[in-house]
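*Asks:* File name structure_17.tsv; file contents TSV, C-alpha atoms; full text below.
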chain	number	residue	atom	x	y	z
A	1	MET	CA	-55.40	-48.23	28.24
A	2	ARG	CA	-52.49	-48.83	25.95
A	3	LEU	CA	-49.41	-46.77	26.56
A	4	LEU	CA	-47.74	-45.41	23.46
A	5	LEU	CA	-44.00	-44.95	23.79
A	6	LEU	CA	-42.57	-42.43	21.33
A	7	PHE	CA	-39.15	-43.05	19.87
A	8	THR	CA	-37.09	-40.50	17.99
A	9	ALA	CA	-34.69	-41.69	15.30
A	10	LEU	CA	-31.71	-39.55	14.37
A	11	ALA	CA	-29.44	-40.48	11.50
A	12	VAL	CA	-25.82	-39.45	11.13
A	13	ALA	CA	-24.14	-40.13	7.84
A	14	ALA	CA	-20.62	-41.41	7.96
A	15	ALA	CA	-19.62	-38.62	5.56
A	16	GLU	CA	-16.03	-38.04	4.58
A	17	GLN	CA	-14.32	-34.95	5.90
A	18	GLU	CA	-12.84	-32.41	3.55
A	19	ILE	CA	-11.68	-28.79	3.72
A	20	VAL	CA	-14.20	-26.76	1.73
A	21	GLU	CA	-12.77	-23.35	2.62
A	22	GLY	CA	-9.14	-22.69	3.43
A	23	PRO	CA	-7.17	-19.59	4.35
A	24	ARG	CA	-6.14	-16.97	1.82
A	25	ASP	CA	-3.16	-14.64	1.66
A	26	THR	CA	-3.98	-11.83	4.08
A	27	SER	CA	-2.33	-8.69	5.39
A	28	VAL	CA	-2.98	-6.98	8.73
A	29	HIS	CA	-1.61	-3.93	10.51
A	30	VAL	CA	0.53	-4.71	13.53
A	31	GLY	CA	-1.51	-4.64	16.74
A	32	LYS	CA	-4.82	-5.40	14.99
A	33	VAL	CA	-7.01	-8.54	14.89
A	34	VAL	CA	-7.09	-10.94	11.93
A	35	THR	CA	-9.07	-14.10	11.18
A	36	LEU	CA	-7.96	-16.86	8.81
A	37	ASN	CA	-10.80	-19.06	7.56
A	38	CYS	CA	-11.07	-22.84	7.69
A	39	LYS	CA	-14.32	-24.72	7.08
A	40	VAL	CA	-14.60	-28.52	7.10
A	41	SER	CA	-17.44	-30.60	5.64
A	42	GLY	CA	-18.55	-33.95	7.09
A	43	GLN	CA	-18.01	-32.47	10.52
A	44	GLY	CA	-21.66	-32.02	11.64
A	45	CYS	CA	-23.67	-34.45	13.81
A	46	GLY	CA	-27.18	-34.10	12.42
A	47	GLY	CA	-28.41	-32.18	15.43
A	48	LEU	CA	-26.60	-34.29	18.01
A	49	GLN	CA	-24.20	-32.95	20.57
A	50	VAL	CA	-20.51	-32.77	19.62
A	51	ILE	CA	-18.15	-33.98	22.32
A	52	GLY	CA	-14.48	-33.73	21.36
A	53	HIS	CA	-14.42	-34.92	17.77
A	54	GLN	CA	-17.38	-37.38	18.08
A	55	CYS	CA	-21.16	-37.08	17.94
A	56	SER	CA	-23.01	-38.04	21.13
A	57	CYS	CA	-26.58	-38.19	22.37
A	58	ALA	CA	-27.52	-38.43	26.03
A	59	GLY	CA	-30.05	-41.23	26.57
A	60	CYS	CA	-29.52	-42.81	23.15
A	61	GLU	CA	-28.86	-46.29	21.81
A	62	TRP	CA	-27.08	-46.76	18.51
A	63	ARG	CA	-27.83	-49.04	15.59
A	64	ARG	CA	-26.23	-49.23	12.14
A	65	ALA	CA	-28.60	-49.06	9.15
A	66	LYS	CA	-27.16	-50.56	5.98
A	67	LYS	CA	-30.09	-50.48	3.56
A	68	GLU	CA	-30.95	-47.69	1.17
A	69	LYS	CA	-34.28	-47.46	3.03
A	70	GLU	CA	-34.88	-49.17	6.34
A	71	THR	CA	-37.92	-49.39	8.58
A	72	LEU	CA	-36.82	-48.19	11.97
A	73	SER	CA	-38.11	-49.86	15.13
A	74	ASP	CA	-37.50	-49.64	18.80
A	75	PRO	CA	-34.60	-51.98	19.67
A	76	GLU	CA	-36.32	-52.79	22.95
A	77	GLY	CA	-39.41	-54.06	21.14
A	78	GLY	CA	-41.55	-51.03	21.61
A	79	GLY	CA	-43.23	-51.39	18.25
A	80	GLU	CA	-42.42	-50.43	14.71
A	81	ASP	CA	-42.33	-46.83	13.56
A	82	GLN	CA	-44.27	-46.70	10.29
A	83	SER	CA	-42.08	-43.91	8.85
A	84	GLU	CA	-39.16	-44.78	6.64
A	85	MET	CA	-35.83	-42.94	6.66
A	86	PRO	CA	-34.38	-42.25	3.19
A	87	GLY	CA	-30.82	-43.47	2.76
A	88	ILE	CA	-27.98	-41.58	1.08
A	89	GLY	CA	-26.12	-44.46	-0.43
A	90	ARG	CA	-23.86	-45.15	2.53
A	91	GLU	CA	-24.05	-46.37	6.14
A	92	PHE	CA	-26.09	-44.63	8.81
A	93	LEU	CA	-25.61	-44.56	12.55
A	94	VAL	CA	-29.14	-44.44	13.99
A	95	ALA	CA	-29.78	-43.16	17.50
A	96	PHE	CA	-32.97	-44.20	19.28
A	97	ALA	CA	-33.97	-41.89	22.13
A	98	SER	CA	-36.33	-43.30	24.74
A	99	PRO	CA	-37.59	-41.85	28.04
A	100	ARG	CA	-36.53	-45.15	29.62
A	101	ALA	CA	-32.96	-44.89	28.43
A	102	ASN	CA	-30.28	-42.98	30.29
A	103	ARG	CA	-27.18	-44.28	28.50
A	104	VAL	CA	-24.82	-42.04	26.45
A	105	GLY	CA	-24.45	-43.05	22.82
A	106	ARG	CA	-21.37	-42.16	20.74
A	107	THR	CA	-20.64	-42.59	17.06
A	108	LYS	CA	-18.50	-45.50	16.08
A	109	GLN	CA	-16.62	-43.36	13.52
A	110	GLU	CA	-14.35	-40.79	15.09
A	111	LYS	CA	-13.79	-37.56	13.12
A	112	GLY	CA	-10.29	-36.35	12.32
A	113	ALA	CA	-9.23	-33.53	14.63
A	114	VAL	CA	-8.81	-30.12	13.05
A	115	GLN	CA	-5.84	-27.94	13.84
A	116	TRP	CA	-3.89	-25.04	12.38
A	117	MET	CA	-0.30	-25.24	11.26
A	118	LYS	CA	2.14	-22.34	11.31
A	119	ASN	CA	5.15	-22.88	9.09
A	120	GLY	CA	4.48	-26.65	9.34
A	121	PHE	CA	4.18	-26.63	13.16
A	122	GLY	CA	0.86	-27.77	14.63
A	123	LEU	CA	-0.74	-25.35	17.07
A	124	GLY	CA	-3.04	-27.87	18.77
A	125	THR	CA	-6.62	-29.16	18.41
A	126	GLU	CA	-8.21	-27.33	21.35
A	127	ARG	CA	-10.09	-24.23	20.39
A	128	SER	CA	-8.47	-22.21	23.17
A	129	LEU	CA	-4.91	-23.04	21.96
A	130	ARG	CA	-3.60	-22.50	25.48
A	131	PHE	CA	0.05	-22.45	24.44
A	132	PHE	CA	-0.68	-19.51	22.15
A	133	PRO	CA	-2.68	-17.06	24.27
A	134	ARG	CA	-3.39	-14.64	21.41
A	135	TYR	CA	-4.64	-17.44	19.13
A	136	THR	CA	-8.14	-18.96	19.20
A	137	MET	CA	-10.10	-21.28	16.91
A	138	VAL	CA	-13.53	-19.69	16.50
A	139	GLY	CA	-16.76	-20.79	14.81
A	140	SER	CA	-19.41	-23.46	15.08
A	141	ASN	CA	-18.52	-27.14	15.49
A	142	SER	CA	-21.74	-28.24	13.81
A	143	GLU	CA	-20.97	-26.01	10.83
A	144	GLY	CA	-17.41	-27.28	10.62
A	145	GLU	CA	-15.90	-23.84	11.31
A	146	TYR	CA	-12.36	-23.73	12.70
A	147	HIS	CA	-11.30	-20.17	11.88
A	148	LEU	CA	-8.03	-18.98	13.40
A	149	ARG	CA	-8.37	-15.63	15.19
A	150	ILE	CA	-5.17	-13.80	16.11
A	151	GLU	CA	-5.40	-10.80	18.44
A	152	ASN	CA	-2.88	-7.99	18.92
A	153	THR	CA	-0.80	-9.16	15.97
A	154	THR	CA	2.97	-8.82	16.11
A	155	VAL	CA	5.70	-9.26	13.53
A	156	SER	CA	6.23	-12.79	14.89
A	157	ASP	CA	2.81	-13.73	13.46
A	158	ASP	CA	4.06	-13.03	9.93
A	159	ASP	CA	4.26	-16.55	8.53
A	160	VAL	CA	2.67	-19.26	6.36
A	161	TYR	CA	-0.48	-20.91	7.75
A	162	ALA	CA	-2.52	-23.95	6.77
A	163	CYS	CA	-5.56	-25.79	8.12
A	164	GLN	CA	-5.20	-29.55	8.73
A	165	ILE	CA	-7.57	-32.48	9.34
A	166	SER	CA	-5.65	-35.12	11.26
A	167	GLU	CA	-5.61	-38.84	10.44
A	168	ALA	CA	-8.66	-40.83	11.61
A	169	ASP	CA	-10.02	-44.35	10.94
A	170	GLY	CA	-7.20	-45.08	8.57
A	171	GLU	CA	-7.81	-41.96	6.52
A	172	SER	CA	-4.73	-39.87	5.82
A	173	SER	CA	-4.54	-36.25	6.96
A	174	ILE	CA	-5.75	-33.40	4.76
A	175	ILE	CA	-3.99	-30.04	4.60
A	176	SER	CA	-5.31	-26.89	2.96
A	177	ALA	CA	-3.31	-24.82	0.51
A	178	PRO	CA	-0.88	-22.64	2.47
A	179	ALA	CA	-1.64	-18.94	2.92
A	180	ARG	CA	0.70	-16.10	3.79
A	181	LEU	CA	-0.16	-13.75	6.64
A	182	THR	CA	1.72	-10.50	6.22
A	183	VAL	CA	1.93	-8.20	9.24
A	184	LEU	CA	2.35	-4.59	8.12
A	185	VAL	CA	4.34	-2.07	10.17
A	186	ARG	CA	3.88	1.61	9.34
A	187	PRO	CA	7.25	3.34	8.77
A	188	THR	CA	8.28	6.71	10.11
A	189	ALA	CA	7.42	9.76	8.03
A	190	VAL	CA	9.84	10.35	5.16
A	191	LYS	CA	12.51	13.00	5.90
A	192	PHE	CA	15.46	14.59	4.14
A	193	VAL	CA	18.68	13.26	5.61
A	194	GLU	CA	20.27	16.73	5.74
A	195	LYS	CA	17.77	19.55	5.96
A	196	VAL	CA	19.53	22.22	7.97
A	197	ALA	CA	17.75	25.22	6.44
A	198	PRO	CA	14.29	25.99	5.06
A	199	MET	CA	15.85	26.76	1.65
A	200	LEU	CA	17.95	24.48	-0.55
A	201	ASN	CA	20.78	26.56	-2.00
A	202	ALA	CA	22.08	25.32	-5.33
A	203	ILE	CA	23.22	26.46	-8.78
A	204	ALA	CA	21.03	25.81	-11.79
A	205	GLY	CA	22.81	23.72	-14.38
A	206	GLU	CA	25.10	22.06	-11.86
A	207	THR	CA	24.63	18.59	-10.32
A	208	LEU	CA	22.76	18.50	-7.02
A	209	LEU	CA	22.89	15.62	-4.51
A	210	GLN	CA	20.15	14.93	-1.97
A	211	ALA	CA	18.95	12.01	0.17
A	212	CYS	CA	15.90	11.14	2.23
A	213	VAL	CA	14.91	8.24	4.46
A	214	SER	CA	11.84	6.46	5.83
A	215	ARG	CA	12.60	4.15	8.74
A	216	ARG	CA	11.38	0.92	10.34
A	217	GLY	CA	8.58	-0.21	8.04
A	218	LYS	CA	7.42	-3.62	6.91
A	219	PRO	CA	7.61	-4.13	4.02
A	220	ALA	CA	10.21	-1.57	2.96
A	221	PRO	CA	8.82	1.92	2.18
A	222	ARG	CA	8.95	3.05	-1.46
A	223	ILE	CA	10.49	6.47	-2.18
A	224	GLY	CA	10.35	8.78	-5.20
A	225	TRP	CA	11.16	12.38	-6.20
A	226	ALA	CA	9.38	15.31	-7.88
A	227	ILE	CA	9.38	19.10	-8.22
A	228	SER	CA	6.23	21.06	-7.38
A	229	SER	CA	5.00	24.64	-7.21
A	230	ASP	CA	3.75	23.97	-3.67
A	231	ALA	CA	5.09	22.11	-0.65
A	232	GLN	CA	2.19	19.60	-0.55
A	233	GLY	CA	2.65	18.35	-4.12
A	234	ARG	CA	-0.70	19.57	-5.45
A	235	GLU	CA	1.00	21.21	-8.47
A	236	VAL	CA	3.76	18.85	-9.63
A	237	THR	CA	5.67	20.35	-12.54
A	238	ALA	CA	8.36	17.71	-13.04
A	239	TRP	CA	9.14	14.11	-12.06
A	240	LEU	CA	12.68	12.95	-11.40
A	241	GLY	CA	13.96	9.68	-12.80
A	242	GLU	CA	11.34	6.91	-12.93
A	243	SER	CA	9.26	8.39	-10.11
A	244	ARG	CA	6.33	9.25	-12.36
A	245	ALA	CA	5.74	5.59	-13.23
A	246	LYS	CA	5.75	4.68	-9.52
A	247	PHE	CA	3.73	7.52	-8.03
A	248	GLY	CA	1.98	9.46	-10.81
A	249	LYS	CA	-1.30	7.54	-10.45
A	250	LEU	CA	-1.60	8.68	-6.81
A	251	PHE	CA	-1.56	12.36	-7.82
A	252	LYS	CA	-4.94	13.60	-9.10
A	253	GLN	CA	-3.87	16.82	-10.81
A	254	HIS	CA	-5.28	18.99	-13.56
A	255	ASN	CA	-1.84	19.87	-14.98
A	256	ILE	CA	-0.72	16.30	-15.67
A	257	GLY	CA	-0.36	17.07	-19.38
A	258	THR	CA	2.31	19.73	-18.70
A	259	GLN	CA	4.40	17.64	-16.30
A	260	VAL	CA	7.82	16.64	-17.59
A	261	SER	CA	10.32	14.00	-16.55
A	262	ILE	CA	13.89	15.05	-15.74
A	263	ALA	CA	16.81	12.65	-15.96
A	264	ALA	CA	18.14	11.70	-12.55
A	265	GLN	CA	20.34	9.05	-10.97
A	266	ILE	CA	18.42	7.48	-8.08
A	267	ASP	CA	19.97	4.84	-5.83
A	268	ASP	CA	17.63	3.17	-3.34
A	269	GLU	CA	18.99	1.21	-0.39
A	270	ALA	CA	17.05	-1.08	1.96
A	271	ARG	CA	18.53	-1.52	5.43
A	272	ILE	CA	17.22	-4.50	7.41
A	273	GLU	CA	16.90	-3.68	11.10
A	274	GLY	CA	15.64	-6.81	12.83
A	275	ASP	CA	12.07	-7.48	11.66
A	276	VAL	CA	11.66	-4.08	9.97
A	277	ILE	CA	13.30	-2.28	7.07
A	278	SER	CA	14.48	1.30	6.52
A	279	SER	CA	14.63	2.78	3.02
A	280	LEU	CA	17.25	5.35	1.98
A	281	SER	CA	17.02	7.09	-1.40
A	282	ASN	CA	19.91	9.07	-2.89
A	283	ILE	CA	19.33	11.31	-5.91
A	284	SER	CA	21.66	13.13	-8.29
A	285	PHE	CA	20.16	15.54	-10.85
A	286	VAL	CA	20.62	18.95	-12.47
A	287	PRO	CA	18.05	21.59	-11.44
A	288	ARG	CA	16.85	24.11	-14.01
A	289	SER	CA	16.64	27.88	-13.59
A	290	GLU	CA	12.82	27.65	-13.86
A	291	ASP	CA	12.82	25.46	-10.76
A	292	ASP	CA	13.87	28.38	-8.58
A	293	LYS	CA	11.43	29.01	-5.71
A	294	LYS	CA	9.72	25.69	-6.39
A	295	PHE	CA	9.87	22.71	-4.03
A	296	LEU	CA	11.87	19.51	-4.19
A	297	LEU	CA	9.59	16.70	-2.98
A	298	CYS	CA	10.68	13.44	-1.39
A	299	ILE	CA	7.67	11.10	-1.69
A	300	SER	CA	6.98	7.96	0.35
A	301	GLN	CA	4.34	5.29	-0.20
A	302	HIS	CA	3.65	2.14	1.84
A	303	ASP	CA	1.20	-0.74	2.09
A	304	THR	CA	-0.18	0.73	5.32
A	305	PHE	CA	-1.44	3.75	3.34
A	306	PRO	CA	-1.81	2.31	-0.18
A	307	ASP	CA	-4.00	5.04	-1.69
A	308	ARG	CA	-1.99	8.10	-0.72
A	309	VAL	CA	1.56	9.35	-0.17
A	310	GLU	CA	3.57	11.13	2.49
A	311	ILE	CA	5.83	14.03	1.50
A	312	ASP	CA	8.75	16.01	2.84
A	313	SER	CA	9.73	19.10	0.87
A	314	VAL	CA	12.34	21.84	0.71
A	315	ARG	CA	12.27	25.03	-1.36
A	316	PHE	CA	14.88	25.75	-4.02
A	317	ASN	CA	17.00	28.87	-3.74
A	318	LEU	CA	18.88	28.66	-7.03
A	319	GLN	CA	21.59	30.77	-8.55
A	320	TYR	CA	21.58	30.87	-12.33
A	321	ALA	CA	23.13	32.80	-15.19
A	322	PRO	CA	21.35	35.93	-16.43
A	323	ARG	CA	18.55	35.60	-18.96
A	324	VAL	CA	17.88	38.74	-21.00
A	325	GLN	CA	14.87	39.87	-22.98
A	326	LEU	CA	14.66	43.21	-24.89
A	327	THR	CA	11.27	44.90	-25.23
A	328	TRP	CA	9.97	48.31	-26.36
A	329	ALA	CA	8.58	49.93	-23.23
A	330	GLY	CA	6.58	52.68	-24.90
A	331	PRO	CA	2.97	52.38	-26.08
A	332	GLY	CA	1.96	52.16	-29.71
A	333	ALA	CA	4.02	51.73	-32.87
A	334	LEU	CA	7.47	53.24	-33.38
A	335	ARG	CA	7.25	56.46	-35.44
A	336	GLU	CA	9.80	58.88	-36.82
A	337	GLY	CA	10.19	61.95	-34.66
A	338	LYS	CA	8.64	60.26	-31.63
A	339	PRO	CA	10.48	59.14	-28.46
A	340	ALA	CA	11.03	55.46	-27.63
A	341	LEU	CA	12.28	53.41	-24.72
A	342	LEU	CA	14.01	50.05	-25.06
A	343	ALA	CA	14.11	47.94	-21.85
A	344	CYS	CA	16.53	45.16	-20.99
A	345	ASN	CA	14.59	42.70	-18.77
A	346	VAL	CA	17.03	40.67	-16.72
A	347	ASP	CA	16.29	37.44	-14.86
A	348	ALA	CA	19.28	36.27	-12.81
A	349	ARG	CA	20.17	35.02	-9.36
A	350	PRO	CA	21.69	36.94	-7.79
A	351	LEU	CA	20.72	40.19	-9.49
A	352	ASN	CA	23.50	42.26	-7.92
A	353	ASP	CA	26.98	42.74	-9.44
A	354	LEU	CA	25.60	42.80	-12.98
A	355	LYS	CA	26.90	45.26	-15.58
A	356	ILE	CA	24.88	46.13	-18.71
A	357	THR	CA	26.51	47.35	-21.91
A	358	TRP	CA	24.50	48.61	-24.89
A	359	TYR	CA	25.51	48.35	-28.55
A	360	ARG	CA	24.17	50.09	-31.65
A	361	ASN	CA	25.19	47.91	-34.56
A	362	GLN	CA	28.74	47.07	-33.44
A	363	ASN	CA	29.36	50.34	-31.61
A	364	LYS	CA	29.39	50.39	-27.85
A	365	LEU	CA	27.29	53.12	-26.26
A	366	LEU	CA	29.60	54.02	-23.40
A	367	ARG	CA	27.30	56.39	-21.56
A	368	HIS	CA	24.42	53.91	-21.32
A	369	THR	CA	24.82	51.37	-18.49
A	370	THR	CA	21.33	51.10	-17.04
A	371	ASP	CA	18.66	48.54	-17.97
A	372	THR	CA	16.92	50.99	-20.36
A	373	LEU	CA	17.98	52.78	-23.53
A	374	ALA	CA	16.04	55.94	-24.35
A	375	PHE	CA	15.59	57.53	-27.78
A	376	GLU	CA	14.52	61.15	-27.49
A	377	GLU	CA	13.52	61.26	-31.14
A	378	LEU	CA	13.56	58.43	-33.63
A	379	LYS	CA	15.17	59.21	-36.96
A	380	MET	CA	14.94	57.54	-40.35
A	381	GLU	CA	18.50	56.27	-40.03
A	382	ASP	CA	17.40	54.33	-36.90
A	383	HIS	CA	15.24	52.11	-39.09
A	384	LYS	CA	16.54	48.50	-39.05
A	385	ARG	CA	19.44	49.46	-36.84
A	386	ARG	CA	20.63	46.55	-34.64
A	387	ILE	CA	20.43	47.27	-30.91
A	388	ARG	CA	21.66	44.76	-28.38
A	389	SER	CA	22.56	44.61	-24.71
A	390	GLU	CA	25.23	42.54	-23.02
A	391	LEU	CA	25.35	41.44	-19.38
A	392	ARG	CA	28.28	40.25	-17.39
A	393	ARG	CA	28.83	39.68	-13.72
A	394	ILE	CA	31.44	41.76	-11.91
A	395	ARG	CA	33.40	39.50	-9.59
Show how you would write the structure in this file as structure tokens.

*Replies:*
Amino acid sequence: MRLLLLFTALAVAAAEQEIVEGPRDTSVHVGKVVTLNCKVSGQGCGGLQVIGHQCSCAGCEWRRAKKEKETLSDPEGGGEDQSEMPGIGREFLVAFASPRANRVGRTKQEKGAVQWMKNGFGLGTERSLRFFPRYTMVGSNSEGEYHLRIENTTVSDDDVYACQISEADGESSIISAPARLTVLVRPTAVKFVEKVAPMLNAIAGETLLQACVSRRGKPAPRIGWAISSDAQGREVTAWLGESRAKFGKLFKQHNIGTQVSIAAQIDDEARIEGDVISSLSNISFVPRSEDDKKFLLCISQHDTFPDRVEIDSVRFNLQYAPRVQLTWAGPGALREGKPALLACNVDARPLNDLKITWYRNQNKLLRHTTDTLAFEELKMEDHKRRIRSELRRIR
């Protein structure tokens, strides 16, 4: 009986290595996990085992095939395999596996080691990266994956990274395009610097100074200002300075067509505190009488909450000069011989210490000092008479 010895031929192309996928600019919240990608071609071993940066096969012998197509045979004379292996236009390393062989074969061409670089400093070629306990190279060797995984990120990880194939067999090293890893630190909630009372006392028409701060963020928090009918900013009525351009798109409001912009001097200051930054915003503007009982909003936005804002607010308690409106208080049209009541509607803060004086044409009506002027019976001579009221504050 003839014994048939089976031989298995495995071919490994001496393919050139190249970086087919490199890292991209990435941001991550401090304390979280991030992975930067690196994928290398020409790194696989055609099904063989990868040991270090070489392909190996337990129980294999190696032969180099140089032809485009070559008939493969057992190097120990075990007979010719009738199958042909298609070439790929370059050299092959052919491994013959035999039950009688117990040697370890290894490719003649060593692959360039892959490592990560941080700000130009190599981190090492071992996947465990033992000198950087929070760093690991993850992925499949056969797929050429050398992704950098960073756990429990800190501000010290904020840097420029690149993936590198080291020199090998006279080939120069290859480095990917650099990528920036930005570690984001959430700042403290925005607060008014001096908020000693629930109400902000001021005088309409006079310059008002305020400041607010958001501390210890990375990057620096962005701060803006607005006036709203409510403390949460759902009904913004006015934007201060250039704040509308910065924050308006983050406010989904039905009254956007009625919002106005008020001139304001805003000075923003960034204070570097180690690896983080605090933002201070100072504002100078002139509140209007119609802003009384509304809320001054200090608005903060940051990359750690890119689609929303944080707000601190304080309610205006404004003093402003009297505004007067005269109206006929009685129902129906004015008729001769009928009574009438003329009311002086006063809007002022404060309302006390106000004195009202009435005039008919240019004559002062000394006995009338209340906010109404009564006509017991209208006469023809009252037609087109000029009636006015005058307010002044008694100091």

*Asks:* Counting only C-alpha atoms, what is within 12 Å of Leu334 of chain A, bar same-chain residues fewer than 3 positions away, as a PyMOL selection string?

*Replies:* chain A and resi 328-331+337-342+375+377-380+382-384

*Asks:* Can you work out the spacing between atom CA of Val236 of chain A and atom CA of Val314 of chain A in Å, to one decimal?

*Replies:*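 Computing it gives 13.8 Å between the two atoms.
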
*Asks:* So which one's closest to Phe305 of chain A, A:His29, A:Lys195, A:Arg349, A:Arg335? Using all atoms listed in the file, please.

*Replies:*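 With all atoms listed in the file as the atom set, the closest residue is A:His29.
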
*Asks:* Taking only C-alpha atoms into account, which of A:Ala374, A:Ala226, A:Val155, A:Cys344 comes nearest Arg186 of chain A?

*Replies:*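 Nearest candidate to Arg186 of chain A out of A:Ala374, A:Ala226, A:Val155, A:Cys344: A:Val155.
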
*Asks:* Please compute the atom CA of Ile272 of chain A-atom CA of Pro219 of chain A distance, one decimal, in Å.

*Replies:*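 Those two atoms sit 10.2 Å apart.
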
*Asks:* Which is closest to Phe192 of chain A among A:Asp303, A:Ser313, A:His147, A:Asp230, if we use all atoms listed in the file?

*Replies:* A:Ser313

*Asks:* Which polymer residues, whether protein, DNA or RNA, lie within 9 Å of the coordinate (20.0, 49.4, -13.3) when you count all atoms listed in the file? List them as a list in words, using the chain letters and numbers from the file.

*Replies:*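 Within 9 Å of (20.0, 49.4, -13.3), the protein and nucleic acid residues are Leu354, Lys355, Ile356, Thr369, Thr370, Asp371 and Thr372 of chain A.
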
*Asks:* Please identify all polymer residues within 7 Å of Val40 of chain A, counting all atoms listed in the file, omitting same-chain residues fewer than 4 positions from it, and present them as a VMD selection string.

*Replies:* chain A and resid 17 to 20 144 to 145

*Asks:* Ser27 of chain A: which residues within 12 Å, counting all atoms listed in the file, same-chain residues fewer than 5 positions away excluded, as JSON, numbers by chain?

*Replies:* {"A": [32, 33, 34, 35, 36, 153, 154, 155, 157, 158, 159, 160, 179, 180, 181, 182, 183, 184, 185, 218, 219, 303, 304]}
